[in-house]
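Next comes start17.csv, with CSV, C-alpha atoms.
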chain,number,residue,atom,x,y,z
A,1,MET,CA,155.0,117.4,190.6
A,2,ALA,CA,152.8,119.5,192.9
A,3,GLU,CA,149.6,117.9,193.9
A,4,ASN,CA,147.1,120.7,193.4
A,5,HIS,CA,143.3,120.7,193.4
A,6,PRO,CA,142.6,117.7,195.6
A,7,TRP,CA,138.9,116.9,195.8
A,8,LYS,CA,137.4,116.5,199.3
A,9,ILE,CA,135.8,113.1,199.9
A,10,LEU,CA,132.7,113.7,202.0
A,11,SER,CA,131.5,110.0,202.2
A,12,PHE,CA,131.7,106.8,200.2
A,13,LYS,CA,129.8,103.6,199.6
A,14,GLN,CA,131.2,100.2,198.5
A,15,ILE,CA,129.1,99.3,195.5
A,16,ILE,CA,130.9,96.1,194.3
A,17,ASP,CA,133.1,94.2,196.7
A,18,THR,CA,134.4,90.9,195.2
A,19,PRO,CA,137.9,89.4,194.8
A,20,TYR,CA,137.7,90.3,191.1
A,21,LEU,CA,136.3,93.7,191.2
A,22,LYS,CA,135.8,96.4,193.8
A,23,VAL,CA,134.0,99.6,193.0
A,24,ARG,CA,133.4,102.5,195.4
A,25,SER,CA,131.1,105.5,194.9
A,26,GLU,CA,132.4,108.6,196.5
A,27,GLU,CA,130.5,111.8,197.4
A,28,VAL,CA,133.1,114.5,196.5
A,29,ALA,CA,133.3,118.3,196.9
A,30,ILE,CA,135.0,119.8,193.8
A,31,PRO,CA,137.0,123.0,194.5
A,32,ASN,CA,135.1,125.9,193.1
A,33,GLY,CA,132.6,123.4,191.8
A,34,PRO,CA,129.7,121.2,192.7
A,35,VAL,CA,129.3,118.3,195.2
A,36,VAL,CA,129.2,115.2,193.1
A,37,SER,CA,127.2,112.4,194.8
A,38,ASP,CA,128.4,109.4,192.9
A,39,TYR,CA,132.0,109.5,191.6
A,40,PHE,CA,132.9,105.8,190.9
A,41,ILE,CA,136.4,104.5,191.5
A,42,ILE,CA,137.7,101.0,190.7
A,43,GLU,CA,140.0,99.6,193.3
A,44,ASN,CA,142.4,96.7,193.1
A,45,ARG,CA,146.0,95.7,194.0
A,46,GLY,CA,147.2,96.5,190.5
A,47,TRP,CA,148.9,94.3,188.0
A,48,VAL,CA,152.3,93.3,186.7
A,49,GLY,CA,153.5,92.7,183.2
A,50,ILE,CA,156.7,90.9,182.1
A,51,VAL,CA,158.6,91.3,178.8
A,52,PRO,CA,160.4,87.9,178.6
A,53,LEU,CA,163.5,87.6,176.4
A,54,THR,CA,165.2,84.3,175.7
A,55,GLY,CA,168.9,83.9,175.4
A,56,ASP,CA,168.7,83.8,171.6
A,57,GLY,CA,167.0,87.2,171.6
A,58,ARG,CA,163.3,86.3,171.1
A,59,PHE,CA,160.3,87.6,173.0
A,60,LEU,CA,157.9,85.2,174.6
A,61,ILE,CA,154.3,86.3,174.1
A,62,ASN,CA,150.9,84.7,174.7
A,63,ARG,CA,147.9,84.2,172.5
A,64,GLN,CA,144.8,84.0,174.7
A,65,TYR,CA,141.0,84.3,174.6
A,66,LYS,CA,139.8,87.4,176.5
A,67,HIS,CA,136.1,87.4,177.4
A,68,GLY,CA,135.9,91.1,178.0
A,69,ILE,CA,136.1,91.6,174.2
A,70,GLY,CA,135.2,88.0,173.2
A,71,ARG,CA,138.2,87.4,171.1
A,72,GLU,CA,141.9,86.4,171.2
A,73,VAL,CA,144.7,88.8,171.9
A,74,LEU,CA,148.5,88.7,171.6
A,75,GLU,CA,150.3,90.0,174.7
A,76,PHE,CA,153.2,89.7,177.1
A,77,PRO,CA,152.5,87.7,180.3
A,78,ALA,CA,150.7,89.8,182.8
A,79,GLY,CA,148.4,89.4,185.7
A,80,ALA,CA,146.9,90.8,188.9
A,81,ILE,CA,148.9,91.1,192.1
A,82,ASP,CA,147.7,88.6,194.7
A,83,ALA,CA,147.0,89.4,198.3
A,84,ASP,CA,150.1,87.6,199.5
A,85,GLU,CA,152.5,89.5,197.2
A,86,PRO,CA,153.7,92.7,198.8
A,87,GLU,CA,156.4,93.1,196.1
A,88,PRO,CA,155.4,93.3,192.5
A,89,GLU,CA,158.5,91.2,191.6
A,90,MET,CA,156.8,88.2,193.3
A,91,THR,CA,153.9,88.6,190.9
A,92,ALA,CA,156.2,88.8,188.0
A,93,HIS,CA,157.9,85.5,188.8
A,94,ARG,CA,154.6,83.8,189.5
A,95,GLU,CA,152.8,85.0,186.4
A,96,LEU,CA,155.7,84.2,184.1
A,97,MET,CA,155.8,80.6,185.4
A,98,GLU,CA,152.0,80.1,185.5
A,99,GLU,CA,151.4,81.5,182.0
A,100,THR,CA,154.5,80.1,180.2
A,101,GLY,CA,156.4,77.6,182.3
A,102,TYR,CA,159.5,79.9,181.9
A,103,SER,CA,161.5,81.4,184.7
A,104,VAL,CA,164.1,84.1,185.2
A,105,VAL,CA,166.9,84.2,187.7
A,106,GLU,CA,166.9,87.0,190.2
A,107,GLY,CA,169.5,89.3,188.7
A,108,GLN,CA,167.9,89.1,185.2
A,109,LEU,CA,164.6,90.7,186.2
A,110,GLU,CA,164.8,94.4,185.9
A,111,PRO,CA,162.2,97.2,186.4
A,112,LEU,CA,161.0,98.6,183.1
A,113,ALA,CA,158.2,101.0,184.0
A,114,HIS,CA,155.6,102.1,186.5
A,115,PHE,CA,152.2,103.4,185.3
A,116,TYR,CA,148.8,104.4,186.4
A,117,ALA,CA,146.2,102.4,184.4
A,118,ASN,CA,143.3,104.9,184.5
A,119,PRO,CA,143.9,107.8,186.8
A,120,THR,CA,140.4,109.3,186.3
A,121,GLY,CA,138.5,106.3,187.5
A,122,ALA,CA,140.8,103.7,189.1
A,123,ARG,CA,143.5,103.4,191.7
A,124,THR,CA,145.2,100.8,189.6
A,125,GLU,CA,149.0,100.8,189.4
A,126,VAL,CA,151.0,98.8,186.9
A,127,TRP,CA,154.6,97.5,187.1
A,128,TRP,CA,156.5,96.3,184.1
A,129,TYR,CA,159.7,94.2,184.2
A,130,LEU,CA,162.1,93.1,181.5
A,131,ALA,CA,163.1,89.4,182.1
A,132,ARG,CA,166.3,88.5,180.3
A,133,GLN,CA,167.6,85.0,179.7
A,134,VAL,CA,164.3,83.3,180.5
A,135,ARG,CA,164.4,79.5,180.3
A,136,LYS,CA,161.7,76.8,180.2
A,137,THR,CA,162.1,75.3,183.7
A,138,GLY,CA,158.5,74.3,184.5
A,139,THR,CA,155.0,73.7,183.3
A,140,PRO,CA,152.4,76.3,182.9
A,141,LYS,CA,149.4,76.2,185.2
A,142,VAL,CA,146.4,74.4,183.7
A,143,ASP,CA,143.4,76.7,184.0
A,144,PRO,CA,140.4,76.4,181.7
A,145,MET,CA,139.8,80.1,182.2
A,146,GLU,CA,143.3,80.9,180.9
A,147,VAL,CA,144.0,78.7,177.9
A,148,ILE,CA,147.3,80.2,176.7
A,149,GLU,CA,149.4,79.5,173.6
A,150,ASN,CA,153.0,80.6,174.0
A,151,LEU,CA,154.9,82.0,171.0
A,152,LEU,CA,158.5,83.1,170.5
A,153,VAL,CA,158.9,86.0,168.2
A,154,THR,CA,161.9,88.1,167.0
A,155,PRO,CA,162.0,91.9,167.5
A,156,ALA,CA,161.1,92.3,163.9
A,157,GLU,CA,158.1,90.0,164.2
A,158,LEU,CA,157.0,91.9,167.4
A,159,LEU,CA,157.2,95.2,165.6
A,160,ASP,CA,155.2,93.8,162.6
A,161,MET,CA,152.5,92.7,165.0
A,162,MET,CA,152.4,96.2,166.6
A,163,TYR,CA,152.2,97.9,163.2
A,164,SER,CA,149.5,95.5,161.9
A,165,GLY,CA,147.3,96.0,164.9
A,166,ASP,CA,147.5,92.3,165.9
A,167,PHE,CA,149.4,93.3,169.1
A,168,ASN,CA,146.9,95.8,170.3
A,169,VAL,CA,146.3,95.8,174.0
A,170,LEU,CA,146.7,99.3,175.3
A,171,GLY,CA,148.9,98.7,178.3
A,172,GLN,CA,151.3,96.5,176.4
A,173,ILE,CA,152.4,98.8,173.6
A,174,GLY,CA,154.3,101.2,175.8
A,175,ALA,CA,156.1,98.3,177.5
A,176,ALA,CA,157.0,96.8,174.1
A,177,TYR,CA,158.5,100.1,172.9
A,178,MET,CA,160.4,100.6,176.3
A,179,ALA,CA,161.8,97.0,176.1
A,180,LEU,CA,162.8,97.5,172.4
A,181,GLU,CA,164.5,100.8,173.4
A,182,ARG,CA,166.2,99.2,176.5
A,183,LEU,CA,167.6,96.4,174.3
A,184,GLY,CA,168.9,98.8,171.6
A,185,TYR,CA,166.4,98.0,168.9
A,186,ILE,CA,165.1,101.6,168.9
A,187,LYS,CA,167.2,104.7,168.7
A,188,ILE,CA,166.1,108.2,169.5
A,189,ALA,CA,166.9,110.6,166.6
A,190,LEU,CA,166.2,114.1,167.8
B,1,MET,CA,143.5,86.0,164.0
B,2,ALA,CA,141.3,83.0,164.6
B,3,GLU,CA,138.8,83.5,167.4
B,4,ASN,CA,139.0,80.3,169.4
B,5,HIS,CA,137.6,79.3,172.8
B,6,PRO,CA,134.6,81.7,173.0
B,7,TRP,CA,132.9,81.4,176.3
B,8,LYS,CA,129.1,80.9,176.3
B,9,ILE,CA,127.1,83.6,178.0
B,10,LEU,CA,124.2,81.9,179.9
B,11,SER,CA,122.7,85.0,181.4
B,12,PHE,CA,123.7,88.5,182.6
B,13,LYS,CA,122.7,91.2,185.1
B,14,GLN,CA,123.3,94.9,184.9
B,15,ILE,CA,125.0,95.7,188.2
B,16,ILE,CA,125.9,99.4,187.6
B,17,ASP,CA,124.1,101.4,184.9
B,18,THR,CA,125.0,105.1,185.0
B,19,PRO,CA,126.2,107.5,182.3
B,20,TYR,CA,129.8,107.3,183.8
B,21,LEU,CA,130.1,103.6,184.5
B,22,LYS,CA,128.2,100.5,183.4
B,23,VAL,CA,129.1,97.1,184.8
B,24,ARG,CA,127.5,93.8,183.9
B,25,SER,CA,127.8,90.5,185.6
B,26,GLU,CA,127.7,87.5,183.3
B,27,GLU,CA,127.0,83.8,184.0
B,28,VAL,CA,129.4,82.1,181.6
B,29,ALA,CA,130.2,78.5,180.6
B,30,ILE,CA,133.9,78.0,180.2
B,31,PRO,CA,134.9,75.4,177.5
B,32,ASN,CA,136.2,72.3,179.4
B,33,GLY,CA,135.8,74.3,182.6
B,34,PRO,CA,133.3,75.5,185.2
B,35,VAL,CA,130.3,77.7,184.9
B,36,VAL,CA,131.3,81.1,186.4
B,37,SER,CA,128.3,82.9,188.0
B,38,ASP,CA,129.7,86.4,188.2
B,39,TYR,CA,132.1,87.5,185.5
B,40,PHE,CA,132.2,91.3,185.6
B,41,ILE,CA,132.6,93.3,182.4
B,42,ILE,CA,132.9,97.1,182.3
B,43,GLU,CA,131.0,98.6,179.3
B,44,ASN,CA,131.4,102.0,177.7
B,45,ARG,CA,131.6,103.7,174.3
B,46,GLY,CA,135.4,103.9,174.5
B,47,TRP,CA,137.7,106.8,174.5
B,48,VAL,CA,139.8,108.9,172.1
B,49,GLY,CA,143.3,110.3,172.6
B,50,ILE,CA,145.0,113.0,170.5
B,51,VAL,CA,148.7,113.7,170.1
B,52,PRO,CA,148.7,117.4,169.1
B,53,LEU,CA,151.7,118.9,167.4
B,54,THR,CA,152.2,122.6,166.7
B,55,GLY,CA,153.6,124.0,163.6
B,56,ASP,CA,156.9,124.6,165.4
B,57,GLY,CA,157.2,121.0,166.4
B,58,ARG,CA,156.1,121.0,170.0
B,59,PHE,CA,153.7,118.6,171.6
B,60,LEU,CA,150.6,120.0,173.5
B,61,ILE,CA,150.1,118.2,176.8
B,62,ASN,CA,147.9,118.7,179.8
B,63,ARG,CA,148.5,118.8,183.5
B,64,GLN,CA,145.4,117.8,185.4
B,65,TYR,CA,144.2,116.5,188.8
B,66,LYS,CA,142.8,113.0,188.5
B,67,HIS,CA,140.6,111.9,191.4
B,68,GLY,CA,141.1,108.1,190.8
B,69,ILE,CA,144.6,108.4,192.0
B,70,GLY,CA,144.2,111.7,193.9
B,71,ARG,CA,147.1,113.5,192.2
B,72,GLU,CA,148.1,115.3,189.0
B,73,VAL,CA,149.2,113.7,185.8
B,74,LEU,CA,150.8,114.8,182.6
B,75,GLU,CA,149.0,113.5,179.5
B,76,PHE,CA,147.9,114.2,175.9
B,77,PRO,CA,144.3,115.4,175.5
B,78,ALA,CA,141.9,112.5,175.7
B,79,GLY,CA,138.3,111.8,176.7
B,80,ALA,CA,135.3,109.5,176.5
B,81,ILE,CA,133.2,109.2,173.3
B,82,ASP,CA,129.8,110.9,173.7
B,83,ALA,CA,126.5,109.2,172.7
B,84,ASP,CA,126.2,111.6,169.7
B,85,GLU,CA,129.6,110.8,168.3
B,86,PRO,CA,129.4,107.9,165.9
B,87,GLU,CA,132.9,108.6,164.5
B,88,PRO,CA,135.9,108.8,166.9
B,89,GLU,CA,137.3,111.7,164.9
B,90,MET,CA,134.4,113.8,166.2
B,91,THR,CA,135.5,113.1,169.8
B,92,ALA,CA,139.0,113.9,168.8
B,93,HIS,CA,138.0,117.4,167.5
B,94,ARG,CA,135.7,118.1,170.5
B,95,GLU,CA,138.2,117.0,173.2
B,96,LEU,CA,141.1,118.9,171.7
B,97,MET,CA,139.0,122.1,171.7
B,98,GLU,CA,137.5,121.5,175.2
B,99,GLU,CA,140.7,120.7,176.9
B,100,THR,CA,143.1,123.1,175.1
B,101,GLY,CA,141.3,125.6,172.9
B,102,TYR,CA,143.4,124.3,170.0
B,103,SER,CA,142.0,122.9,166.8
B,104,VAL,CA,143.2,120.9,163.8
B,105,VAL,CA,142.0,121.2,160.2
B,106,GLU,CA,140.5,118.0,158.7
B,107,GLY,CA,143.4,116.8,156.6
B,108,GLN,CA,145.9,117.1,159.5
B,109,LEU,CA,144.1,114.6,161.8
B,110,GLU,CA,145.5,111.2,161.1
B,111,PRO,CA,144.8,107.8,162.7
B,112,LEU,CA,147.7,106.7,165.0
B,113,ALA,CA,146.5,103.5,166.7
B,114,HIS,CA,143.5,101.4,167.8
B,115,PHE,CA,143.7,99.5,171.1
B,116,TYR,CA,141.7,97.5,173.5
B,117,ALA,CA,142.0,99.0,177.0
B,118,ASN,CA,141.4,95.9,179.1
B,119,PRO,CA,140.4,92.8,177.1
B,120,THR,CA,140.0,90.7,180.2
B,121,GLY,CA,137.4,92.8,182.0
B,122,ALA,CA,136.2,95.6,179.7
B,123,ARG,CA,134.8,96.2,176.2
B,124,THR,CA,136.6,99.5,176.0
B,125,GLU,CA,138.2,100.4,172.7
B,126,VAL,CA,140.6,103.3,172.3
B,127,TRP,CA,141.4,105.4,169.2
B,128,TRP,CA,144.5,107.6,169.0
B,129,TYR,CA,145.1,110.3,166.5
B,130,LEU,CA,148.0,112.5,165.5
B,131,ALA,CA,146.9,116.1,165.0
B,132,ARG,CA,149.5,118.1,163.1
B,133,GLN,CA,149.7,121.9,162.8
B,134,VAL,CA,147.3,122.5,165.7
B,135,ARG,CA,146.5,126.2,166.3
B,136,LYS,CA,144.9,128.0,169.2
B,137,THR,CA,141.5,129.1,167.7
B,138,GLY,CA,139.2,129.0,170.7
B,139,THR,CA,138.8,128.8,174.4
B,140,PRO,CA,139.0,125.7,176.5
B,141,LYS,CA,135.7,124.7,178.2
B,142,VAL,CA,135.5,125.9,181.8
B,143,ASP,CA,134.7,122.9,184.0
B,144,PRO,CA,135.6,122.7,187.7
B,145,MET,CA,135.9,118.9,187.4
B,146,GLU,CA,138.5,119.3,184.7
B,147,VAL,CA,140.9,122.1,185.6
B,148,ILE,CA,143.6,121.8,183.0
B,149,GLU,CA,146.9,123.5,182.5
B,150,ASN,CA,148.2,123.3,178.9
B,151,LEU,CA,151.9,122.9,178.3
B,152,LEU,CA,154.0,122.9,175.0
B,153,VAL,CA,157.0,120.6,175.1
B,154,THR,CA,159.7,119.6,172.7
B,155,PRO,CA,160.2,116.0,171.7
B,156,ALA,CA,163.3,115.9,173.9
B,157,GLU,CA,161.2,117.2,176.9
B,158,LEU,CA,158.5,114.7,176.3
B,159,LEU,CA,161.0,111.9,176.3
B,160,ASP,CA,162.6,113.2,179.5
B,161,MET,CA,159.1,113.1,181.1
B,162,MET,CA,158.6,109.5,179.9
B,163,TYR,CA,162.0,108.4,181.2
B,164,SER,CA,161.6,110.2,184.6
B,165,GLY,CA,158.2,108.7,185.2
B,166,ASP,CA,156.4,112.1,185.2
B,167,PHE,CA,154.5,111.1,182.1
B,168,ASN,CA,153.2,107.8,183.4
B,169,VAL,CA,149.6,107.1,182.3
B,170,LEU,CA,149.5,103.6,180.9
B,171,GLY,CA,147.4,104.3,177.8
B,172,GLN,CA,149.5,107.3,176.8
B,173,ILE,CA,153.0,105.8,176.6
B,174,GLY,CA,152.4,103.7,173.5
B,175,ALA,CA,150.8,106.6,171.7
B,176,ALA,CA,153.7,108.8,172.6
B,177,TYR,CA,156.2,106.3,171.1
B,178,MET,CA,154.0,105.8,168.1
B,179,ALA,CA,153.8,109.5,167.5
B,180,LEU,CA,157.6,110.0,167.9
B,181,GLU,CA,158.2,107.1,165.5
B,182,ARG,CA,155.7,108.5,162.9
B,183,LEU,CA,157.4,111.9,163.2
B,184,GLY,CA,160.9,110.4,162.6
B,185,TYR,CA,162.2,111.0,166.1
B,186,ILE,CA,162.5,107.2,166.7
B,187,LYS,CA,164.4,104.9,164.4
B,188,ILE,CA,164.2,101.1,164.4
B,189,ALA,CA,167.6,99.5,164.5
B,190,LEU,CA,167.3,95.8,164.1
Would you give me this structure, written as structure tokens?
Amino acid sequence: MAENHPWKILSFKQIIDTPYLKVRSEEVAIPNGPVVSDYFIIENRGWVGIVPLTGDGRFLINRQYKHGIGREVLEFPAGAIDADEPEPEMTAHRELMEETGYSVVEGQLEPLAHFYANPTGARTEVWWYLARQVRKTGTPKVDPMEVIENLLVTPAELLDMMYSGDFNVLGQIGAAYMALERLGYIKIAL
Amino acid sequence: MAENHPWKILSFKQIIDTPYLKVRSEEVAIPNGPVVSDYFIIENRGWVGIVPLTGDGRFLINRQYKHGIGREVLEFPAGAIDADEPEPEMTAHRELMEETGYSVVEGQLEPLAHFYANPTGARTEVWWYLARQVRKTGTPKVDPMEVIENLLVTPAELLDMMYSGDFNVLGQIGAAYMALERLGYIKIAL
């Protein structure tokens, strides 16, 4: 795709600079438009999501309290890329083990999708993987900030949760559909 | 779903407070865990996305430069809820007209999904609508910060863009699948 209309960055300030959140404010010149003095952009290393599938065809999902909305959500394992993880596959293996105690052997972790989380206001990139034949080989990390209950659900149960709105995290729905399609549970009928 | 494990908010500071971005830093007590002094939460009124479908069965999508990632994306019309829009349907009608010049009559705008954008670090809620029988009845808003090219694509063309990675905005993929399913272009095969 052609990359038209790039805005010119005249200057920038780092407004928030922590390991958890970095926000910069840019002064930008808009083509045929004004100079905007404070265009905010959220920066991070991105995050990785994993759709784990057991040998008997069940999806492994998490139930976890999320303080941003102050309530629990159901979602696939996912987490932020660490500084020492140049390949998103490394994050996938680590997050799967930390959040579930399950692991996947190398050849069974396959790329599912690459997305931009919020192109308007964030650099954030997201990588999704399908992890087949996952097995419980370890123990989840104990972290009072991430108290996670693991659930195994059938494709029908996952779809029910999507339809009912119980599985309702934005970035997870597309991955769920893509995994269901990859696994043959969804057919295109044009 | 039960709401377990709520964290206790001990105090908070407003770090960024602009019309475009609000960030608060909370001091929170984690059950059976530490007190965290700076848990960041992004606040806004949420946003609305619209999947517009013409009478001849084509989807209306936008090509637009996004400065967060410094390149163009393909996506359905979407935008932030304004302060004077208590109902997300109002945002849906406004954004559809502003970004495309198309409109939808009242009975043809139907709820498609409700999501949380980032439950870990943001309050943001997202509402998606399917707009059937959209028609060009006006003129898009002229805004140098949102230079938008409108495209009409068939369901097959939309799917090709999703598979190729050209249609790759995280929050849009789930809505695309849900619309394709609602319209009968996707069948569940369990």
Could you make a table, as JSON lines, of the residues of chain B that have an atom within 6 Å of an atom of chain A, each with its nearest atom pair and distance in Å to one decimal, counting all atoms listed in the file, in chain and number order?
{"residue": "B:Glu3", "atom": "CA", "partner": "A:Arg71", "partner_atom": "CA", "distance": 5.4}
{"residue": "B:Gly33", "atom": "CA", "partner": "A:Pro144", "partner_atom": "CA", "distance": 5.1}
{"residue": "B:Ile41", "atom": "CA", "partner": "A:Gly68", "partner_atom": "CA", "distance": 5.9}
{"residue": "B:Lys66", "atom": "CA", "partner": "A:Thr120", "partner_atom": "CA", "distance": 4.9}
{"residue": "B:His67", "atom": "CA", "partner": "A:Thr120", "partner_atom": "CA", "distance": 5.7}
{"residue": "B:Gly68", "atom": "CA", "partner": "A:Gly121", "partner_atom": "CA", "distance": 4.6}
{"residue": "B:Ile69", "atom": "CA", "partner": "A:Arg123", "partner_atom": "CA", "distance": 5.1}
{"residue": "B:Arg71", "atom": "CA", "partner": "A:Glu3", "partner_atom": "CA", "distance": 5.3}
{"residue": "B:Glu72", "atom": "CA", "partner": "A:Glu3", "partner_atom": "CA", "distance": 5.7}
{"residue": "B:Phe115", "atom": "CA", "partner": "A:Asn168", "partner_atom": "CA", "distance": 5.0}
{"residue": "B:Tyr116", "atom": "CA", "partner": "A:Val169", "partner_atom": "CA", "distance": 4.9}
{"residue": "B:Ala117", "atom": "CA", "partner": "A:Leu170", "partner_atom": "CA", "distance": 5.0}
{"residue": "B:Pro119", "atom": "CA", "partner": "A:Gly68", "partner_atom": "CA", "distance": 4.9}
{"residue": "B:Thr120", "atom": "CA", "partner": "A:Gly68", "partner_atom": "CA", "distance": 4.7}
{"residue": "B:Gly121", "atom": "CA", "partner": "A:Gly68", "partner_atom": "CA", "distance": 4.6}
{"residue": "B:Ala122", "atom": "CA", "partner": "A:Gly68", "partner_atom": "CA", "distance": 4.8}
{"residue": "B:Arg123", "atom": "CA", "partner": "A:Ile69", "partner_atom": "CA", "distance": 5.2}
{"residue": "B:Pro144", "atom": "CA", "partner": "A:Gly33", "partner_atom": "CA", "distance": 5.1}
{"residue": "B:Asn168", "atom": "CA", "partner": "A:Phe115", "partner_atom": "CA", "distance": 4.9}
{"residue": "B:Val169", "atom": "CA", "partner": "A:Tyr116", "partner_atom": "CA", "distance": 5.0}
{"residue": "B:Leu170", "atom": "CA", "partner": "A:Ala117", "partner_atom": "CA", "distance": 5.0}
{"residue": "B:Gly171", "atom": "CA", "partner": "A:Leu170", "partner_atom": "CA", "distance": 5.6}
{"residue": "B:Ile173", "atom": "CA", "partner": "A:Gly174", "partner_atom": "CA", "distance": 4.8}
{"residue": "B:Gly174", "atom": "CA", "partner": "A:Gly174", "partner_atom": "CA", "distance": 3.9}
{"residue": "B:Tyr185", "atom": "CA", "partner": "A:Ala189", "partner_atom": "CA", "distance": 4.7}
{"residue": "B:Ile186", "atom": "CA", "partner": "A:Ile188", "partner_atom": "CA", "distance": 4.7}
{"residue": "B:Lys187", "atom": "CA", "partner": "A:Lys187", "partner_atom": "CA", "distance": 5.1}
{"residue": "B:Ile188", "atom": "CA", "partner": "A:Ile186", "partner_atom": "CA", "distance": 4.6}
{"residue": "B:Ala189", "atom": "CA", "partner": "A:Tyr185", "partner_atom": "CA", "distance": 4.8}
{"residue": "B:Leu190", "atom": "CA", "partner": "A:Tyr185", "partner_atom": "CA", "distance": 5.4}
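Put simply, CA of Arg182 in chain A is 19.8 Å away from CA of Leu96 in chain A.
Compared by their closest atoms to Ala78 in chain A, and using only C-alpha atoms, the residues A:Glu157, A:Asp56, A:Glu99, A:Asp17 rank with A:Glu99 nearest.
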**Asked** Could you work out how far CA of Trp47 in chain A lies from CA of Asp82 in chain B, giving the answer in Å with one decimal?
**Response** 29.1 Å
**Request:** Find the spatial neighbours of Tyr102 in chain B, counting only C-alpha atoms, within a cut-off of 6 Å - ignore same-chain residues fewer than 6 positions away - and output them as JSON, numbers by chain.
**Result:** {"B": [135, 136, 137]}
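In this model, the gap between CA of Trp127 in chain A and CA of Met97 in chain A comes to 17.0 Å.
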**Prompt:** Quick one: residues within 6 Å of Pro140 in chain A, all atoms listed in the file counted, chain neighbours fewer than 4 positions away excluded, as a PyMOL selection string?
**Reply:** chain A and resi 98-101
**Message:** Using all atoms listed in the file for the distances, tell me which of B:Leu158, B:Ile61, B:Val51, B:Leu151 is nearest to Val104 in chain B.
**Reply:**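 Between B:Leu158, B:Ile61, B:Val51, B:Leu151, the residue approaching Val104 in chain B most closely is B:Val51.
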With the input short on atoms, add all heavy atoms back to range 88-92 of chain A and write it as a PDB file, in the coordinates of the input.
ATOM      1  N   PRO A  88     155.880  93.627 193.799  1.00  0.00           N
ATOM      2  CA  PRO A  88     155.400  93.300 192.500  1.00  0.00           C
ATOM      3  C   PRO A  88     156.346  92.249 191.762  1.00  0.00           C
ATOM      4  O   PRO A  88     155.901  91.502 190.879  1.00  0.00           O
ATOM      5  CB  PRO A  88     155.340  94.590 191.706  1.00  0.00           C
ATOM      6  CG  PRO A  88     155.961  95.615 192.577  1.00  0.00           C
ATOM      7  CD  PRO A  88     155.999  95.087 193.965  1.00  0.00           C
ATOM      8  N   GLU A  89     157.629  92.194 192.164  1.00  0.00           N
ATOM      9  CA  GLU A  89     158.500  91.200 191.600  1.00  0.00           C
ATOM     10  C   GLU A  89     158.007  89.769 191.827  1.00  0.00           C
ATOM     11  O   GLU A  89     158.204  88.869 191.003  1.00  0.00           O
ATOM     12  CB  GLU A  89     159.948  91.272 192.213  1.00  0.00           C
ATOM     13  CG  GLU A  89     160.759  92.489 191.816  1.00  0.00           C
ATOM     14  CD  GLU A  89     160.443  93.697 192.696  1.00  0.00           C
ATOM     15  OE1 GLU A  89     159.501  93.609 193.530  1.00  0.00           O
ATOM     16  OE2 GLU A  89     161.112  94.726 192.539  1.00  0.00           O
ATOM     17  N   MET A  90     157.349  89.562 192.968  1.00  0.00           N
ATOM     18  CA  MET A  90     156.800  88.200 193.300  1.00  0.00           C
ATOM     19  C   MET A  90     155.733  87.860 192.277  1.00  0.00           C
ATOM     20  O   MET A  90     155.662  86.719 191.811  1.00  0.00           O
ATOM     21  CB  MET A  90     156.241  88.236 194.717  1.00  0.00           C
ATOM     22  CG  MET A  90     157.282  88.570 195.779  1.00  0.00           C
ATOM     23  SD  MET A  90     156.546  88.892 197.419  1.00  0.00           S
ATOM     24  CE  MET A  90     156.025  87.248 197.875  1.00  0.00           C
ATOM     25  N   THR A  91     154.900  88.829 191.931  1.00  0.00           N
ATOM     26  CA  THR A  91     153.900  88.600 190.900  1.00  0.00           C
ATOM     27  C   THR A  91     154.499  88.292 189.569  1.00  0.00           C
ATOM     28  O   THR A  91     154.035  87.417 188.834  1.00  0.00           O
ATOM     29  CB  THR A  91     152.946  89.827 190.814  1.00  0.00           C
ATOM     30  OG1 THR A  91     152.549  90.226 192.112  1.00  0.00           O
ATOM     31  CG2 THR A  91     151.731  89.532 189.953  1.00  0.00           C
ATOM     32  N   ALA A  92     155.574  89.013 189.259  1.00  0.00           N
ATOM     33  CA  ALA A  92     156.200  88.800 188.000  1.00  0.00           C
ATOM     34  C   ALA A  92     156.740  87.371 187.848  1.00  0.00           C
ATOM     35  O   ALA A  92     156.508  86.704 186.831  1.00  0.00           O
ATOM     36  CB  ALA A  92     157.416  89.797 187.825  1.00  0.00           C
TER      37      ALA A  92
END
